[in-house]
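What follows is the content of start.cif, which has mmCIF, C-alpha atoms:
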data_protein
#
loop_
_atom_site.label_atom_id
_atom_site.label_comp_id
_atom_site.auth_asym_id
_atom_site.auth_seq_id
_atom_site.Cartn_x
_atom_site.Cartn_y
_atom_site.Cartn_z
CA MET E 43 4.12 -5.17 25.81
CA ARG E 44 0.79 -3.59 24.93
CA GLU E 45 -0.57 -4.41 21.49
CA THR E 46 -1.09 -1.39 19.25
CA LYS E 47 -4.36 -0.88 17.41
CA SER E 48 -2.69 -1.50 14.05
CA ALA E 49 -1.05 -4.68 15.34
CA ARG E 50 -4.38 -5.88 16.70
CA LEU E 51 -6.09 -5.19 13.38
CA THR E 52 -3.41 -7.15 11.52
CA ARG E 53 -3.76 -10.04 13.97
CA MET E 54 -7.55 -9.98 13.63
CA HIS E 55 -7.32 -10.36 9.87
CA ASP E 56 -4.66 -13.05 10.13
CA GLU E 57 -6.79 -15.01 12.59
CA TYR E 58 -9.88 -14.55 10.47
CA ASP E 59 -8.00 -15.83 7.42
CA ILE E 60 -7.34 -19.01 9.42
CA LEU E 61 -11.02 -19.28 10.34
CA ARG E 62 -11.90 -18.89 6.66
CA GLN E 63 -9.69 -21.87 5.89
CA VAL E 64 -10.99 -23.96 8.79
CA ILE E 65 -14.64 -23.06 8.11
CA PRO E 66 -14.76 -22.56 4.32
CA ALA E 67 -18.53 -22.65 3.83
CA PRO E 68 -20.39 -21.23 6.84
CA ALA E 69 -24.17 -21.18 6.76
CA CYS E 70 -27.11 -20.31 8.95
CA ALA E 71 -27.94 -23.26 11.19
CA LEU E 72 -31.67 -22.51 11.13
CA HIS E 73 -33.68 -24.11 8.34
CA PHE E 74 -35.93 -21.73 6.39
CA SER E 75 -37.35 -21.22 2.92
CA ASN E 76 -38.34 -17.54 3.09
CA PRO E 77 -37.74 -14.43 5.23
CA PHE E 78 -40.88 -14.98 7.34
CA GLU E 79 -39.75 -18.46 8.34
CA LEU E 80 -36.27 -17.23 9.25
CA LEU E 81 -37.69 -14.39 11.33
CA ILE E 82 -39.95 -16.73 13.29
CA ALA E 83 -37.24 -19.39 13.68
CA THR E 84 -34.76 -16.83 14.98
CA VAL E 85 -37.22 -15.56 17.57
CA LEU E 86 -37.90 -19.18 18.59
CA SER E 87 -34.16 -19.87 19.01
CA ALA E 88 -33.93 -17.73 22.13
CA GLN E 89 -32.96 -19.87 25.15
CA THR E 90 -32.74 -23.03 23.07
CA THR E 91 -30.63 -24.46 20.25
CA ASP E 92 -31.02 -24.00 16.51
CA LYS E 93 -31.09 -27.79 16.17
CA ARG E 94 -34.14 -28.04 18.43
CA VAL E 95 -35.90 -25.23 16.59
CA ASN E 96 -35.39 -27.12 13.34
CA THR E 97 -37.26 -30.10 14.79
CA VAL E 98 -40.49 -28.12 15.36
CA ALA E 99 -40.28 -25.51 12.59
CA PRO E 100 -41.53 -27.71 9.71
CA GLU E 101 -44.84 -28.43 11.44
CA LEU E 102 -45.20 -24.82 12.59
CA PHE E 103 -44.64 -23.42 9.09
CA ALA E 104 -46.83 -26.04 7.43
CA THR E 105 -49.66 -25.16 9.81
CA PHE E 106 -49.14 -21.39 9.74
CA PRO E 107 -47.35 -20.52 6.48
CA THR E 108 -47.99 -16.76 6.59
CA ALA E 109 -48.02 -13.95 9.12
CA ARG E 110 -51.80 -13.68 8.81
CA ASP E 111 -52.21 -17.39 9.51
CA LEU E 112 -50.02 -17.18 12.62
CA ALA E 113 -51.70 -13.97 13.81
CA ALA E 114 -55.07 -15.74 13.74
CA ALA E 115 -53.77 -18.96 15.32
CA ASN E 116 -55.29 -20.68 18.31
CA PRO E 117 -52.57 -20.19 20.96
CA ALA E 118 -53.08 -23.71 22.28
CA GLN E 119 -52.24 -25.15 18.87
CA VAL E 120 -49.04 -23.12 18.63
CA GLU E 121 -48.11 -24.09 22.18
CA ASP E 122 -48.56 -27.75 21.34
CA ILE E 123 -46.23 -27.51 18.35
CA ILE E 124 -43.42 -25.57 20.04
CA HIS E 125 -43.77 -27.23 23.45
CA PRO E 126 -40.42 -29.11 23.15
CA LEU E 127 -38.52 -25.82 23.04
CA GLY E 128 -39.48 -24.71 26.53
CA PHE E 129 -41.02 -21.34 27.51
CA TYR E 130 -43.71 -22.30 25.01
CA ARG E 131 -46.47 -20.12 26.49
CA SER E 132 -44.48 -16.89 26.43
CA LYS E 133 -42.97 -17.76 23.05
CA THR E 134 -46.45 -18.37 21.64
CA GLN E 135 -47.57 -14.93 22.83
CA HIS E 136 -44.46 -13.36 21.27
CA LEU E 137 -44.96 -15.17 17.96
CA ILE E 138 -48.62 -14.22 17.63
CA GLY E 139 -47.88 -10.61 18.61
CA LEU E 140 -45.06 -10.44 16.09
CA ALA E 141 -47.15 -11.99 13.34
CA THR E 142 -50.02 -9.61 14.07
CA ALA E 143 -47.78 -6.55 13.81
CA LEU E 144 -46.14 -7.91 10.65
CA ASP E 145 -49.53 -8.50 9.02
CA GLU E 146 -51.13 -5.21 10.10
CA ARG E 147 -48.19 -2.88 9.51
CA PHE E 148 -46.27 -4.53 6.67
CA GLY E 149 -48.92 -6.57 4.88
CA GLY E 150 -47.22 -9.76 6.04
CA VAL E 151 -44.00 -8.89 4.18
CA VAL E 152 -40.84 -8.98 6.28
CA PRO E 153 -39.13 -5.56 6.10
CA ARG E 154 -35.66 -5.38 4.60
CA THR E 155 -34.27 -2.69 6.92
CA MET E 156 -32.89 -2.64 10.46
CA ASP E 157 -35.38 0.04 11.49
CA GLY E 158 -38.31 -1.84 10.03
CA LEU E 159 -37.35 -5.13 11.61
CA THR E 160 -36.57 -3.73 15.06
CA SER E 161 -39.90 -1.88 15.06
CA LEU E 162 -41.59 -5.28 15.33
CA PRO E 163 -42.32 -6.55 18.86
CA GLY E 164 -39.67 -8.89 20.21
CA VAL E 165 -37.19 -8.23 17.38
CA GLY E 166 -33.83 -6.84 18.49
CA ARG E 167 -30.67 -6.06 16.54
CA LYS E 168 -29.37 -9.63 16.74
CA THR E 169 -32.51 -11.11 15.20
CA ALA E 170 -32.68 -8.30 12.63
CA ASN E 171 -29.06 -8.89 11.61
CA VAL E 172 -29.72 -12.61 11.18
CA VAL E 173 -32.65 -11.88 8.86
CA LEU E 174 -30.86 -9.16 6.90
CA GLY E 175 -27.74 -11.21 6.29
CA ASN E 176 -29.29 -14.60 5.62
CA ALA E 177 -32.68 -13.85 4.06
CA PHE E 178 -31.81 -10.72 2.09
CA ASP E 179 -28.03 -10.88 1.66
CA ILE E 180 -27.79 -7.44 3.26
CA PRO E 181 -24.69 -7.02 5.48
CA GLY E 182 -25.52 -7.93 9.05
CA PHE E 183 -23.42 -8.97 12.04
CA PRO E 184 -25.45 -10.84 14.69
CA VAL E 185 -23.79 -10.69 18.10
CA ASP E 186 -24.73 -13.69 20.23
CA THR E 187 -23.05 -15.23 23.27
CA HIS E 188 -20.54 -17.10 21.10
CA VAL E 189 -19.50 -13.94 19.27
CA MET E 190 -19.16 -12.07 22.56
CA ARG E 191 -17.07 -14.84 24.11
CA VAL E 192 -14.77 -15.43 21.14
CA THR E 193 -14.13 -11.76 20.37
CA GLY E 194 -13.41 -11.23 24.05
CA ARG E 195 -10.94 -14.09 24.37
CA LEU E 196 -9.21 -13.07 21.16
CA ARG E 197 -9.24 -9.46 22.40
CA TRP E 198 -10.62 -8.26 19.12
CA ARG E 199 -12.53 -5.59 21.04
CA SER E 200 -11.42 -2.96 23.52
CA ASP E 201 -13.87 -3.98 26.26
CA TRP E 202 -12.71 -7.60 26.43
CA ARG E 203 -12.34 -7.34 30.22
CA SER E 204 -15.99 -6.40 30.69
CA ALA E 205 -18.19 -8.97 32.41
CA HIS E 206 -21.26 -7.45 30.75
CA PRO E 207 -20.25 -6.26 27.28
CA ASP E 208 -22.68 -4.28 25.16
CA PRO E 209 -23.64 -6.22 21.99
CA VAL E 210 -24.30 -3.01 20.06
CA LYS E 211 -20.83 -1.67 20.87
CA ILE E 212 -19.29 -5.02 19.90
CA GLU E 213 -21.14 -4.95 16.59
CA LYS E 214 -19.93 -1.42 15.86
CA GLU E 215 -16.31 -2.10 16.82
CA ILE E 216 -15.92 -5.43 15.01
CA THR E 217 -17.71 -4.42 11.81
CA ALA E 218 -15.47 -1.35 11.57
CA CYS E 219 -12.55 -3.74 11.05
CA PHE E 220 -14.01 -5.83 8.22
CA PRO E 221 -15.70 -5.07 4.89
CA PRO E 222 -19.55 -5.21 4.97
CA GLU E 223 -19.70 -8.11 2.51
CA GLU E 224 -17.88 -10.24 5.09
CA TRP E 225 -20.02 -9.40 8.14
CA THR E 226 -22.57 -12.21 7.87
CA ASN E 227 -19.99 -14.95 7.31
CA LEU E 228 -17.74 -13.43 9.96
CA SER E 229 -20.52 -13.85 12.52
CA HIS E 230 -21.25 -17.40 11.29
CA ARG E 231 -17.61 -18.39 11.58
CA LEU E 232 -17.21 -16.94 15.07
CA ILE E 233 -20.36 -18.75 16.19
CA LEU E 234 -19.30 -22.07 14.66
CA PHE E 235 -15.81 -21.68 16.10
CA GLY E 236 -17.29 -20.96 19.51
CA ARG E 237 -19.48 -24.05 19.35
CA ALA E 238 -16.78 -26.39 18.08
CA THR E 239 -13.62 -25.20 19.82
CA CYS E 240 -13.79 -22.05 21.96
CA HIS E 241 -16.31 -23.47 24.41
CA ALA E 242 -17.65 -21.41 27.28
CA ARG E 243 -16.38 -23.55 30.17
CA THR E 244 -13.48 -25.54 28.80
CA PRO E 245 -12.15 -24.21 25.50
CA ASP E 246 -10.26 -26.77 23.44
CA CYS E 247 -7.06 -24.71 23.32
CA ALA E 248 -4.89 -27.75 22.59
CA ASN E 249 -6.60 -28.20 19.23
CA CYS E 250 -7.36 -24.56 18.49
CA PRO E 251 -6.11 -23.26 15.12
CA LEU E 252 -5.70 -19.79 16.65
CA SER E 253 -3.71 -20.74 19.76
CA ASP E 254 -0.44 -19.45 18.29
CA THR E 255 -1.68 -15.87 18.41
CA CYS E 256 -4.62 -15.96 20.85
CA PRO E 257 -3.84 -13.58 23.75
CA SER E 258 -5.87 -15.74 26.15
CA TYR E 259 -3.99 -18.97 25.42
CA ALA E 260 -1.63 -20.09 28.16
CA PRO E 261 0.33 -23.19 27.03
CA PRO E 262 1.20 -25.87 29.60
CA ALA E 263 4.46 -25.25 31.44
CA GLY E 264 7.51 -26.31 29.44
CA LYS E 265 5.67 -26.33 26.11
CA SER E 266 6.21 -23.95 23.24
CA THR E 267 3.45 -21.52 22.24
CA SER E 268 3.93 -22.55 18.62
CA LYS E 269 2.49 -25.76 17.20
CA HIS E 270 4.57 -25.55 14.04
#
Would you mind writing the structure in this file as structure tokens?
Amino acid sequence: MRETKSARLTRMHDEYDILRQVIPAPACALHFSNPFELLIATVLSAQTTDKRVNTVAPELFATFPTARDLAAANPAQVEDIIHPLGFYRSKTQHLIGLATALDERFGGVVPRTMDGLTSLPGVGRKTANVVLGNAFDIPGFPVDTHVMRVTGRLRWRSDWRSAHPDPVKIEKEITACFPPEEWTNLSHRLILFGRATCHARTPDCANCPLSDTCPSYAPPAGKSTSKH
């Protein structure tokens, strides 16, 4: 039987209530002390892990604490610091270009709007949402691979069958179902849940707190769908 939109919305909120209990205090995994540091760390996190970014960020920020400092940096010095992250040459070019634009167009002050942030080179909606939600406490819903995977498996979105879902459409559809003040933590919880349980290759369905209602869960033959 096909799930109605109202039934899906009710299930979404019920499942999110469970995630709120399981993950009571979500937080950004990147370490930062100001909006500039978070912006740079988020850009660096592409194609690597937040944990690895946190290992190089302290030296990077101590050496280049402002946008102007990073804009004037010797590329070789930046490359040496971020080398462990991989793609260090292209990332160095992106960082210096971003810092230059930030210094020249915004006086080194990170803008507090989606339009301002996405006008910077190399800054897309995902990065902008991370900065808005975590640096400025402005509602933002970053859509990364974990969010795409989890919302697809839970069928929280209408295009869950799509092999190449549009992050912007996902952002619009999911945020329409939750109050703005919950968007940042909603994204955090989906990401943390994706990392800990709803893995890409082999999701840990046997220990998943949402398996009772997850449409993608297929219990082993002869076993009940309920764990209670």
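Between Arg231 of chain E and the candidates E:Arg147, E:Arg62, E:Arg44, E:Arg131, the tightest atom-to-atom separation, counting all atoms listed in the file, involves E:Arg62.
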Run the PyMOL selection byres ((chain E and resi 172-183) around 6) against the file shown and list the residues it catches, as a PDB file with C-alpha atoms, in the frame of the given file.
ATOM      1  CA  PRO E  77     -37.740 -14.430   5.230  1.00  0.00           C
ATOM      2  CA  THR E 169     -32.510 -11.110  15.200  1.00  0.00           C
ATOM      3  CA  ALA E 170     -32.680  -8.300  12.630  1.00  0.00           C
ATOM      4  CA  ASN E 171     -29.060  -8.890  11.610  1.00  0.00           C
ATOM      5  CA  PRO E 184     -25.450 -10.840  14.690  1.00  0.00           C
ATOM      6  CA  PRO E 222     -19.550  -5.210   4.970  1.00  0.00           C
ATOM      7  CA  GLU E 223     -19.700  -8.110   2.510  1.00  0.00           C
ATOM      8  CA  TRP E 225     -20.020  -9.400   8.140  1.00  0.00           C
ATOM      9  CA  THR E 226     -22.570 -12.210   7.870  1.00  0.00           C
ATOM     10  CA  SER E 229     -20.520 -13.850  12.520  1.00  0.00           C
TER      11      SER E 229
END
Step by step, work through what the PyMOL selection byres ((chain E and resi 100) around 12) selects in the shown file, and finish by giving those residues as a list in words.
->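 Listing what the PyMOL selection byres ((chain E and resi 100) around 12) selects in the shown file: Leu72, His73, Phe74, Ser75, Glu79, Leu80, Ile82, Ala83, Arg94, Val95, Asn96, Thr97, Val98, Ala99, Glu101, Leu102, Phe103, Ala104, Thr105, Phe106, Pro107, Ile123 and Ile124 of chain E.
Between Ser253 of chain E and the residues E:Leu140, E:Cys240, E:Glu215, E:Asp208, the shortest atom-to-atom distance, using only C-alpha atoms, involves E:Cys240.
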Extract, using all atoms listed in the file, all DNA, RNA and protein residues at most 12 Å from Ala109 of chain E, discarding same-chain residues fewer than 5 positions from it, and format them as a list in words.
-> Asn76, Pro77, Phe78, Glu79, Leu81, Ile82, Leu102, Phe103, Ala114, Ala115, Leu137, Ile138, Gly139, Leu140, Ala141, Thr142, Ala143, Leu144, Asp145, Glu146, Arg147, Phe148, Gly149, Gly150, Val151 and Val152 of chain E
Considering all atoms listed in the file, state which residue in the set E:Ser48, E:Thr255, E:Thr239, E:Thr155 is at the smallest distance from Arg167 of chain E.
->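 For Arg167 of chain E, the nearest of the given residues is E:Thr155.
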Please write the residues picked by the PyMOL selection byres ((chain E and resi 212) around 10) on this file as number ranges by chain.
-> E: 183-185, 189-190, 193-194, 198-202, 207-211, 213-218
Go through E:Ala113, E:Ala260, E:Leu252, E:Met43 one by one, measure the shortest atom-to-atom distance of each to Gln63 of chain E using only C-alpha atoms, and give the residue with the smallest value.
->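 Smallest distance to Gln63 of chain E is found for E:Leu252.
Here atom CA of Ala88 of chain E is placed at a distance of 12.5 Å from atom CA of Thr134 of chain E.
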Take atom CA of Gly166 of chain E and atom CA of Thr84 of chain E and report the distance between them in Å, one decimal.
->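 These atoms are spaced 10.6 Å apart.
The space between atom CA of Pro257 of chain E and atom CA of Asp186 of chain E spans 21.2 Å.
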From E:Val120, E:Val192, E:Val165, E:Ala49, residue lying nearest Gln135 of chain E [only C-alpha atoms] = E:Val120
Residue among E:Ala71, E:Met156, E:Ala118, E:Met54 lying closest to Cys256 of chain E, counting only C-alpha atoms =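 The shortest atom-to-atom distance to Cys256 of chain E comes from E:Met54.
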